[in-house]
file input05.txt (compact mmCIF, C-alpha atoms)
# COMPACT_ATOMS: atom_id res chain seq x y z
CA MET A 161 0.00 0.00 0.00
CA GLU A 162 1.38 3.36 -0.98
CA VAL A 163 1.29 5.82 1.93
CA THR A 164 0.59 9.44 1.18
CA GLN A 165 3.26 11.61 2.80
CA ASP A 166 2.03 14.99 1.55
CA LEU A 167 -0.14 16.37 4.38
CA SER A 168 -0.76 19.82 2.93
CA PHE A 169 -4.23 21.27 3.38
CA ILE A 170 -5.19 21.01 -0.31
CA THR A 171 -3.92 17.43 -0.55
CA LEU A 172 -5.83 16.38 2.56
CA ILE A 173 -9.07 17.74 1.10
CA GLY A 174 -8.39 16.17 -2.30
CA ASN A 175 -7.69 12.74 -0.79
CA ALA A 176 -10.72 12.75 1.51
CA SER A 177 -13.72 10.56 0.76
CA VAL A 178 -16.61 11.96 -1.25
CA LEU A 179 -18.88 12.30 1.78
CA VAL A 180 -16.22 14.14 3.78
CA GLN A 181 -15.59 16.43 0.81
CA LEU A 182 -19.32 17.18 0.63
CA VAL A 183 -19.31 18.03 4.35
CA MET A 184 -16.31 20.33 3.83
CA GLY A 185 -17.99 21.99 0.85
CA LEU A 186 -21.17 22.56 2.85
CA LEU A 187 -19.21 24.05 5.75
CA LEU A 188 -17.28 26.32 3.38
CA LEU A 189 -20.51 27.56 1.80
CA VAL A 190 -22.11 28.15 5.20
CA SER A 191 -18.99 29.96 6.42
CA LEU A 192 -18.93 32.30 3.41
CA LEU A 193 -22.64 33.01 3.80
CA SER A 194 -22.28 33.72 7.51
CA TRP A 195 -19.39 36.12 6.85
CA TRP A 196 -21.59 37.94 4.31
CA TYR A 197 -24.32 38.34 6.92
CA ILE A 198 -21.77 39.36 9.57
CA PHE A 199 -20.50 42.27 7.47
CA GLN A 200 -24.01 43.16 6.34
CA LYS A 201 -25.21 43.28 9.93
CA MET A 202 -22.18 45.28 11.03
CA PHE A 203 -22.88 48.05 8.50
CA ALA A 204 -26.63 48.00 9.21
CA VAL A 205 -26.24 48.33 12.99
CA ARG A 206 -23.60 51.06 12.70
CA LEU A 207 -25.74 53.03 10.23
CA THR A 208 -28.85 52.71 12.41
CA LEU A 209 -26.96 53.89 15.49
CA LYS A 210 -25.49 56.87 13.61
CA GLN A 211 -28.87 57.85 12.15
CA SER A 212 -30.51 57.55 15.57
CA VAL A 213 -27.99 59.86 17.21
CA ILE A 214 -28.36 62.45 14.45
CA PHE A 215 -32.16 62.36 14.59
CA GLU A 216 -32.30 62.59 18.39
CA GLN A 217 -30.13 65.68 18.26
CA ALA A 218 -32.41 67.19 15.61
CA PHE A 219 -35.54 66.23 17.56
CA TRP A 220 -34.50 67.86 20.82
CA SER A 221 -33.19 70.97 19.09
CA HIS A 222 -36.42 71.60 17.11
CA ASP A 223 -39.46 73.23 18.68
CA ASP A 224 -41.63 72.81 15.59
CA LEU A 225 -42.56 69.13 15.11
CA ASP A 226 -44.29 69.93 11.80
CA VAL A 227 -40.97 71.00 10.27
CA LEU A 228 -39.28 67.88 11.59
CA TYR A 229 -42.08 65.74 10.17
CA ARG A 230 -41.83 67.37 6.74
CA ASN A 231 -38.08 66.81 6.76
CA ALA A 232 -38.68 63.14 7.58
CA LEU A 233 -41.12 62.81 4.68
CA SER A 234 -38.77 64.50 2.23
CA SER A 235 -35.95 62.11 3.12
CA ARG A 236 -38.08 58.98 3.56
CA GLU A 237 -35.76 56.90 1.36
CA ASN A 238 -32.73 57.62 3.55
CA ALA A 239 -34.53 57.98 6.87
CA GLY A 240 -33.32 56.01 9.85
CA SER A 241 -35.37 53.69 12.05
CA LEU A 242 -35.96 56.30 14.75
CA GLU A 243 -37.03 58.89 12.19
CA ARG A 244 -39.56 56.47 10.67
CA ILE A 245 -40.96 55.72 14.13
CA PHE A 246 -41.34 59.45 14.74
CA ALA A 247 -43.01 60.03 11.36
CA ALA A 248 -45.50 57.19 11.91
CA GLY A 249 -46.42 58.45 15.36
CA PHE A 250 -46.74 62.10 14.39
CA GLU A 251 -48.79 61.28 11.28
CA GLU A 252 -51.24 59.19 13.30
CA PHE A 253 -51.39 61.82 16.04
CA THR A 254 -52.22 64.53 13.50
CA LYS A 255 -54.96 62.44 11.85
CA LEU A 256 -56.61 61.55 15.16
CA LYS A 257 -56.44 65.12 16.45
CA ARG A 258 -58.43 66.30 13.42
CA LYS A 259 -61.29 63.94 14.30
CA SER A 260 -63.90 65.46 16.55
CA GLY A 261 -65.07 63.70 19.67
CA MET A 262 -61.84 61.84 20.45
CA ASP A 263 -60.38 62.30 23.88
CA VAL A 264 -56.67 62.59 24.60
CA SER A 265 -56.26 59.01 25.80
CA ALA A 266 -57.76 57.59 22.58
CA VAL A 267 -55.52 59.81 20.47
CA MET A 268 -52.41 58.76 22.39
CA ASP A 269 -53.35 55.07 22.25
CA GLY A 270 -53.62 55.27 18.47
CA THR A 271 -50.34 57.16 18.25
CA ARG A 272 -48.54 54.56 20.37
CA ARG A 273 -49.94 51.72 18.28
CA ALA A 274 -48.69 53.38 15.08
CA MET A 275 -45.23 53.86 16.56
CA ARG A 276 -45.21 50.31 17.94
CA ALA A 277 -46.06 48.84 14.53
CA THR A 278 -43.24 50.77 12.85
CA TYR A 279 -40.90 49.89 15.71
CA GLN A 280 -41.65 46.19 15.23
CA ARG A 281 -40.93 46.39 11.50
CA GLU A 282 -37.62 48.12 12.16
CA MET A 283 -36.64 45.52 14.75
CA ASP A 284 -37.56 42.68 12.39
CA HIS A 285 -35.27 44.23 9.79
CA LEU A 286 -32.39 44.64 12.25
CA GLU A 287 -32.78 41.11 13.61
CA SER A 288 -32.94 39.48 10.18
CA HIS A 289 -30.36 36.71 9.63
CA LEU A 290 -29.38 36.63 13.31
CA SER A 291 -31.11 33.25 13.61
CA PHE A 292 -28.96 31.99 10.72
CA LEU A 293 -25.79 32.99 12.58
CA ALA A 294 -27.07 31.28 15.72
CA THR A 295 -27.81 28.10 13.75
CA VAL A 296 -24.37 28.12 12.10
CA GLY A 297 -22.71 28.60 15.48
CA SER A 298 -24.55 25.71 17.10
CA VAL A 299 -24.72 23.18 14.24
CA SER A 300 -21.45 23.59 12.31
CA PRO A 301 -19.20 21.84 14.89
CA TYR A 302 -21.48 18.78 14.80
CA VAL A 303 -21.51 18.73 11.01
CA GLY A 304 -17.72 18.90 11.02
CA LEU A 305 -17.59 16.17 13.67
CA PHE A 306 -19.79 13.96 11.51
CA GLY A 307 -17.32 14.34 8.63
CA THR A 308 -14.44 13.57 10.97
CA VAL A 309 -16.05 10.40 12.36
CA TRP A 310 -16.85 9.19 8.87
CA GLY A 311 -13.31 9.88 7.67
CA ILE A 312 -11.73 8.10 10.64
CA MET A 313 -14.00 5.10 10.05
CA ASN A 314 -12.75 4.92 6.45
CA ALA A 315 -9.13 5.26 7.60
CA PHE A 316 -9.41 2.32 10.00
CA ARG A 317 -11.35 0.21 7.51
CA GLY A 318 -8.49 0.70 5.08
CA LEU A 319 -6.18 -1.04 7.56
CA ALA A 320 -7.99 -4.31 6.89
CA ASN A 321 -6.00 -4.69 3.66
CA VAL A 322 -2.66 -3.95 5.32
CA GLY A 323 -0.64 -6.79 6.76
CA GLN A 324 1.13 -4.72 9.38
CA ALA A 325 -0.67 -1.54 10.48
CA THR A 326 1.50 1.44 11.42
CA LEU A 327 0.85 5.07 12.27
CA ALA A 328 2.12 6.02 8.80
CA HIS A 329 -0.77 4.12 7.26
CA VAL A 330 -3.54 5.65 9.36
CA ALA A 331 -2.17 9.19 9.91
CA PRO A 332 -3.12 10.64 6.48
CA GLY A 333 -6.69 9.37 6.74
CA ILE A 334 -7.14 10.76 10.25
CA ALA A 335 -5.60 14.08 9.21
CA GLU A 336 -8.02 14.30 6.27
CA ALA A 337 -10.94 13.66 8.59
CA LEU A 338 -9.83 16.22 11.17
CA VAL A 339 -9.91 18.93 8.52
CA ALA A 340 -13.72 18.67 8.63
CA THR A 341 -13.74 19.43 12.36
CA ALA A 342 -11.40 22.38 11.81
CA MET A 343 -13.69 23.76 9.11
CA GLY A 344 -16.71 23.29 11.37
CA LEU A 345 -15.04 25.34 14.09
CA PHE A 346 -13.92 27.93 11.54
CA ALA A 347 -17.55 28.39 10.50
CA ALA A 348 -18.98 28.29 14.03
CA ILE A 349 -16.70 30.58 16.05
CA PRO A 350 -17.16 33.81 14.03
CA ALA A 351 -20.91 33.16 13.79
CA VAL A 352 -21.26 32.76 17.57
CA VAL A 353 -19.16 35.86 18.30
CA ALA A 354 -21.10 37.93 15.75
CA TYR A 355 -24.46 36.69 17.02
CA ASN A 356 -23.66 37.63 20.62
CA ARG A 357 -22.21 41.00 19.61
CA TYR A 358 -25.05 42.08 17.33
CA SER A 359 -27.77 40.73 19.62
CA HIS A 360 -26.38 42.99 22.34
CA GLU A 361 -26.16 45.97 19.98
CA ILE A 362 -29.70 45.46 18.70
CA ASP A 363 -31.03 45.13 22.26
CA ARG A 364 -29.47 48.48 23.07
CA LEU A 365 -31.07 50.03 19.97
CA SER A 366 -34.40 48.51 20.97
CA THR A 367 -34.17 50.12 24.41
CA ARG A 368 -33.25 53.41 22.76
CA PHE A 369 -36.27 53.25 20.44
CA GLU A 370 -38.66 52.41 23.27
CA SER A 371 -37.32 55.24 25.40
CA PHE A 372 -37.80 57.66 22.52
CA MET A 373 -41.38 56.49 21.98
CA GLU A 374 -42.21 57.19 25.61
CA GLU A 375 -40.54 60.60 25.54
CA PHE A 376 -42.21 61.48 22.25
CA SER A 377 -45.60 60.44 23.66
CA ASN A 378 -45.08 62.79 26.59
CA VAL A 379 -44.22 65.61 24.20
CA LEU A 380 -47.37 64.96 22.12
CA GLN A 381 -49.56 64.92 25.21
CA ARG A 382 -48.48 68.47 25.94
CA GLN A 383 -49.44 69.61 22.45
CA PRO A 384 -52.45 72.03 22.44

call {"tool": "encode", "arguments": {"input": "input05.txt", "output": "structure tokens"}}
result
Amino acid sequence: MEVTQDLSFITLIGNASVLVQLVMGLLLLVSLLSWWYIFQKMFAVRLTLKQSVIFEQAFWSHDDLDVLYRNALSSRENAGSLERIFAAGFEEFTKLKRKSGMDVSAVMDGTRRAMRATYQREMDHLESHLSFLATVGSVSPYVGLFGTVWGIMNAFRGLANVGQATLAHVAPGIAEALVATAMGLFAAIPAVVAYNRYSHEIDRLSTRFESFMEEFSNVLQRQP
């Protein structure tokens, strides 16, 4: 039996069994996709935070909410999450105020519901693909381990045709199999770190949005 001595990464993948190669290919695809979502989420969270800070400064420095609302409508395409929440609430507040016979509590309840609906849509957008990162982080090591177990089984089965088994005969097969575990960890670790990081950042944004909605409701209640 000819023993493969070249243990380079490419050679190990090329010499692995078809099933192990499929596992490696799946893990590589999942890893690339998770990195795409990681960078996408990083830019989205940073942009939302920046837009929220800018809008809060504009909100507390403006006395005329009508001007702020018109500005939000004119830049609807580039508006941030907080600005859209404000626009939804102010629009509903204005509509309900024009109706006769509605008391203040009914007007404010409608305004809060409008803001809450927009808030939920913004949170759904921010939280998109987080579940994918969580799944990659939890499942990838097991997928890699499956490829490793299968590869090691093939390596030991190959010893049945060898008269005298040595480490040199089994080492290449085990090394090929362990690459699957390494790729599983390579896919899982960044996904877990990114999931924890962005979940924390999005929770902070959520608290910021909810605080603004309460403060904005208090401001609207004081409107004549």

call {"tool": "atom_distance", "arguments": {"input": "input05.txt", "atom1": "atom CA of Val178 of chain A", "atom2": "atom CA of Thr295 of chain A"}}
result
24.7 Å

call {"tool": "closest_residue", "arguments": {"input": "input05.txt", "among": "A:Arg206, A:Gln383, A:Asn238, A:Val309", "to": "Ala340 of chain A", "atoms": "only C-alpha atoms"}}
result
A:Val309

call {"tool": "closest_residue", "arguments": {"input": "input05.txt", "among": "A:Arg258, A:Leu293, A:Val190, A:Phe215", "to": "Arg357 of chain A", "atoms": "only C-alpha atoms"}}
result
A:Leu293

call {"tool": "atom_distance", "arguments": {"input": "input05.txt", "atom1": "atom CA of Gly240 of chain A", "atom2": "atom CA of Thr208 of chain A"}}
result
6.1 Å

call {"tool": "closest_residue", "arguments": {"input": "input05.txt", "among": "A:Glu237, A:Glu287, A:Asp226, A:Glu375", "to": "Ile198 of chain A", "atoms": "all atoms listed in the file"}}
result
A:Glu287

call {"tool": "closest_residue", "arguments": {"input": "input05.txt", "among": "A:Leu192, A:Val352, A:Met275, A:Leu242", "to": "Leu365 of chain A", "atoms": "only C-alpha atoms"}}
result
A:Leu242

call {"tool": "atom_distance", "arguments": {"input": "input05.txt", "atom1": "atom CA of Leu189 of chain A", "atom2": "atom CA of Ala315 of chain A"}}
result
25.7 Å

call {"tool": "closest_residue", "arguments": {"input": "input05.txt", "among": "A:Phe203, A:Phe250, A:Tyr229, A:Trp195", "to": "Phe376 of chain A", "atoms": "all atoms listed in the file"}}
result
A:Phe250

call {"tool": "residues_around", "arguments": {"input": "input05.txt", "residues": "Tyr355 of chain A", "least_positions_apart": "3", "cutoff": "7 Å", "atoms": "all atoms listed in the file", "output": "VMD selection string"}}
result
chain A and resid 290 293 to 294 351 to 352 358 to 359

call {"tool": "closest_residue", "arguments": {"input": "input05.txt", "among": "A:Ile245, A:Ala354, A:Ala342, A:Met268", "to": "Trp196 of chain A", "atoms": "all atoms listed in the file"}}
result
A:Ala354

call {"tool": "residues_around", "arguments": {"input": "input05.txt", "residues": "Gly297 of chain A", "least_positions_apart": "3", "cutoff": "10 Å", "atoms": "all atoms listed in the file", "output": "list in words"}}
result
Ser191, Ser194, Ser291, Phe292, Leu293, Ala294, Ser300, Pro301, Tyr302, Gly344, Leu345, Phe346, Ala347, Ala348, Ile349, Pro350, Ala351, Val352, Val353, Ala354 and Tyr355 of chain A

call {"tool": "residues_around", "arguments": {"input": "input05.txt", "residues": "Met373 of chain A", "least_positions_apart": "6", "cutoff": "12 Å", "atoms": "all atoms listed in the file", "output": "list in words"}}
result
Glu216, Ser241, Leu242, Glu243, Arg244, Ile245, Phe246, Ala247, Ala248, Gly249, Phe250, Met268, Thr271, Arg272, Arg273, Ala274, Met275, Arg276, Ala277, Thr278, Tyr279, Ser366, Thr367, Val379 and Leu380 of chain A

call {"tool": "write_last_selection", "arguments": {"input": "input05.txt", "atoms": "C-alpha atoms", "output": "mmCIF file, keeping the file's coordinate frame"}}
result
data_model
loop_
_atom_site.group_PDB
_atom_site.id
_atom_site.type_symbol
_atom_site.label_atom_id
_atom_site.label_comp_id
_atom_site.auth_asym_id
_atom_site.auth_seq_id
_atom_site.Cartn_x
_atom_site.Cartn_y
_atom_site.Cartn_z
ATOM 1 C CA GLU A 216 -32.300 62.590 18.390
ATOM 2 C CA SER A 241 -35.370 53.690 12.050
ATOM 3 C CA LEU A 242 -35.960 56.300 14.750
ATOM 4 C CA GLU A 243 -37.030 58.890 12.190
ATOM 5 C CA ARG A 244 -39.560 56.470 10.670
ATOM 6 C CA ILE A 245 -40.960 55.720 14.130
ATOM 7 C CA PHE A 246 -41.340 59.450 14.740
ATOM 8 C CA ALA A 247 -43.010 60.030 11.360
ATOM 9 C CA ALA A 248 -45.500 57.190 11.910
ATOM 10 C CA GLY A 249 -46.420 58.450 15.360
ATOM 11 C CA PHE A 250 -46.740 62.100 14.390
ATOM 12 C CA MET A 268 -52.410 58.760 22.390
ATOM 13 C CA THR A 271 -50.340 57.160 18.250
ATOM 14 C CA ARG A 272 -48.540 54.560 20.370
ATOM 15 C CA ARG A 273 -49.940 51.720 18.280
ATOM 16 C CA ALA A 274 -48.690 53.380 15.080
ATOM 17 C CA MET A 275 -45.230 53.860 16.560
ATOM 18 C CA ARG A 276 -45.210 50.310 17.940
ATOM 19 C CA ALA A 277 -46.060 48.840 14.530
ATOM 20 C CA THR A 278 -43.240 50.770 12.850
ATOM 21 C CA TYR A 279 -40.900 49.890 15.710
ATOM 22 C CA SER A 366 -34.400 48.510 20.970
ATOM 23 C CA THR A 367 -34.170 50.120 24.410
ATOM 24 C CA VAL A 379 -44.220 65.610 24.200
ATOM 25 C CA LEU A 380 -47.370 64.960 22.120
#

call {"tool": "build_atoms", "arguments": {"input": "input05.txt", "residues": "segment 352-377 of chain A", "atoms": "N, CA, C and O atoms", "output": "compact mmCIF listing (two decimals), in the frame of the given file"}}
result
# COMPACT_ATOMS: atom_id res chain seq x y z
N VAL A 352 -20.84 32.62 16.17
CA VAL A 352 -21.26 32.76 17.57
C VAL A 352 -20.87 34.14 18.11
O VAL A 352 -21.66 34.82 18.78
N VAL A 353 -19.63 34.55 17.83
CA VAL A 353 -19.16 35.86 18.30
C VAL A 353 -20.03 36.98 17.71
O VAL A 353 -20.44 37.91 18.42
N ALA A 354 -20.29 36.90 16.41
CA ALA A 354 -21.10 37.93 15.75
C ALA A 354 -22.52 37.94 16.29
O ALA A 354 -23.09 39.02 16.52
N TYR A 355 -23.09 36.76 16.50
CA TYR A 355 -24.46 36.69 17.02
C TYR A 355 -24.56 37.36 18.39
O TYR A 355 -25.47 38.16 18.63
N ASN A 356 -23.63 37.04 19.27
CA ASN A 356 -23.66 37.63 20.62
C ASN A 356 -23.44 39.15 20.56
O ASN A 356 -24.11 39.91 21.27
N ARG A 357 -22.52 39.57 19.72
CA ARG A 357 -22.21 41.00 19.61
C ARG A 357 -23.42 41.78 19.07
O ARG A 357 -23.83 42.79 19.66
N TYR A 358 -23.97 41.31 17.96
CA TYR A 358 -25.05 42.08 17.33
C TYR A 358 -26.36 41.95 18.08
O TYR A 358 -27.19 42.87 18.04
N SER A 359 -26.58 40.84 18.77
CA SER A 359 -27.77 40.73 19.62
C SER A 359 -27.72 41.78 20.72
O SER A 359 -28.74 42.42 21.03
N HIS A 360 -26.54 41.97 21.30
CA HIS A 360 -26.38 42.99 22.34
C HIS A 360 -26.59 44.39 21.77
O HIS A 360 -27.29 45.22 22.38
N GLU A 361 -26.01 44.66 20.60
CA GLU A 361 -26.16 45.97 19.98
C GLU A 361 -27.61 46.27 19.62
O GLU A 361 -28.12 47.39 19.82
N ILE A 362 -28.31 45.27 19.09
CA ILE A 362 -29.70 45.46 18.70
C ILE A 362 -30.59 45.63 19.93
O ILE A 362 -31.55 46.41 19.91
N ASP A 363 -30.28 44.93 21.01
CA ASP A 363 -31.03 45.13 22.26
C ASP A 363 -30.88 46.56 22.77
O ASP A 363 -31.84 47.16 23.26
N ARG A 364 -29.69 47.10 22.65
CA ARG A 364 -29.47 48.48 23.07
C ARG A 364 -30.25 49.45 22.18
O ARG A 364 -30.83 50.43 22.67
N LEU A 365 -30.27 49.19 20.87
CA LEU A 365 -31.07 50.03 19.97
C LEU A 365 -32.56 49.91 20.29
O LEU A 365 -33.29 50.91 20.25
N SER A 366 -33.01 48.71 20.61
CA SER A 366 -34.40 48.51 20.97
C SER A 366 -34.78 49.34 22.20
O SER A 366 -35.84 49.98 22.23
N THR A 367 -33.92 49.31 23.20
CA THR A 367 -34.17 50.12 24.41
C THR A 367 -34.19 51.60 24.06
O THR A 367 -35.02 52.36 24.58
N ARG A 368 -33.31 52.01 23.17
CA ARG A 368 -33.25 53.41 22.76
C ARG A 368 -34.54 53.82 22.04
O ARG A 368 -35.09 54.90 22.28
N PHE A 369 -35.03 52.95 21.16
CA PHE A 369 -36.27 53.25 20.44
C PHE A 369 -37.46 53.35 21.40
O PHE A 369 -38.30 54.24 21.27
N GLU A 370 -37.54 52.41 22.34
CA GLU A 370 -38.66 52.41 23.27
C GLU A 370 -38.63 53.65 24.18
O GLU A 370 -39.69 54.23 24.49
N SER A 371 -37.44 54.03 24.59
CA SER A 371 -37.32 55.24 25.40
C SER A 371 -37.77 56.46 24.62
O SER A 371 -38.47 57.34 25.15
N PHE A 372 -37.39 56.53 23.34
CA PHE A 372 -37.80 57.66 22.52
C PHE A 372 -39.32 57.69 22.35
O PHE A 372 -39.93 58.76 22.40
N MET A 373 -39.93 56.53 22.15
CA MET A 373 -41.38 56.49 21.98
C MET A 373 -42.10 57.02 23.21
O MET A 373 -43.10 57.74 23.10
N GLU A 374 -41.60 56.68 24.38
CA GLU A 374 -42.21 57.19 25.61
C GLU A 374 -42.02 58.70 25.74
O GLU A 374 -42.95 59.43 26.10
N GLU A 375 -40.81 59.17 25.45
CA GLU A 375 -40.54 60.60 25.54
C GLU A 375 -41.35 61.38 24.50
O GLU A 375 -41.89 62.47 24.80
N PHE A 376 -41.45 60.82 23.31
CA PHE A 376 -42.21 61.48 22.25
C PHE A 376 -43.70 61.51 22.61
O PHE A 376 -44.39 62.51 22.35
N SER A 377 -44.21 60.45 23.22
CA SER A 377 -45.60 60.44 23.66
C SER A 377 -45.87 61.53 24.70
O SER A 377 -46.92 62.21 24.65
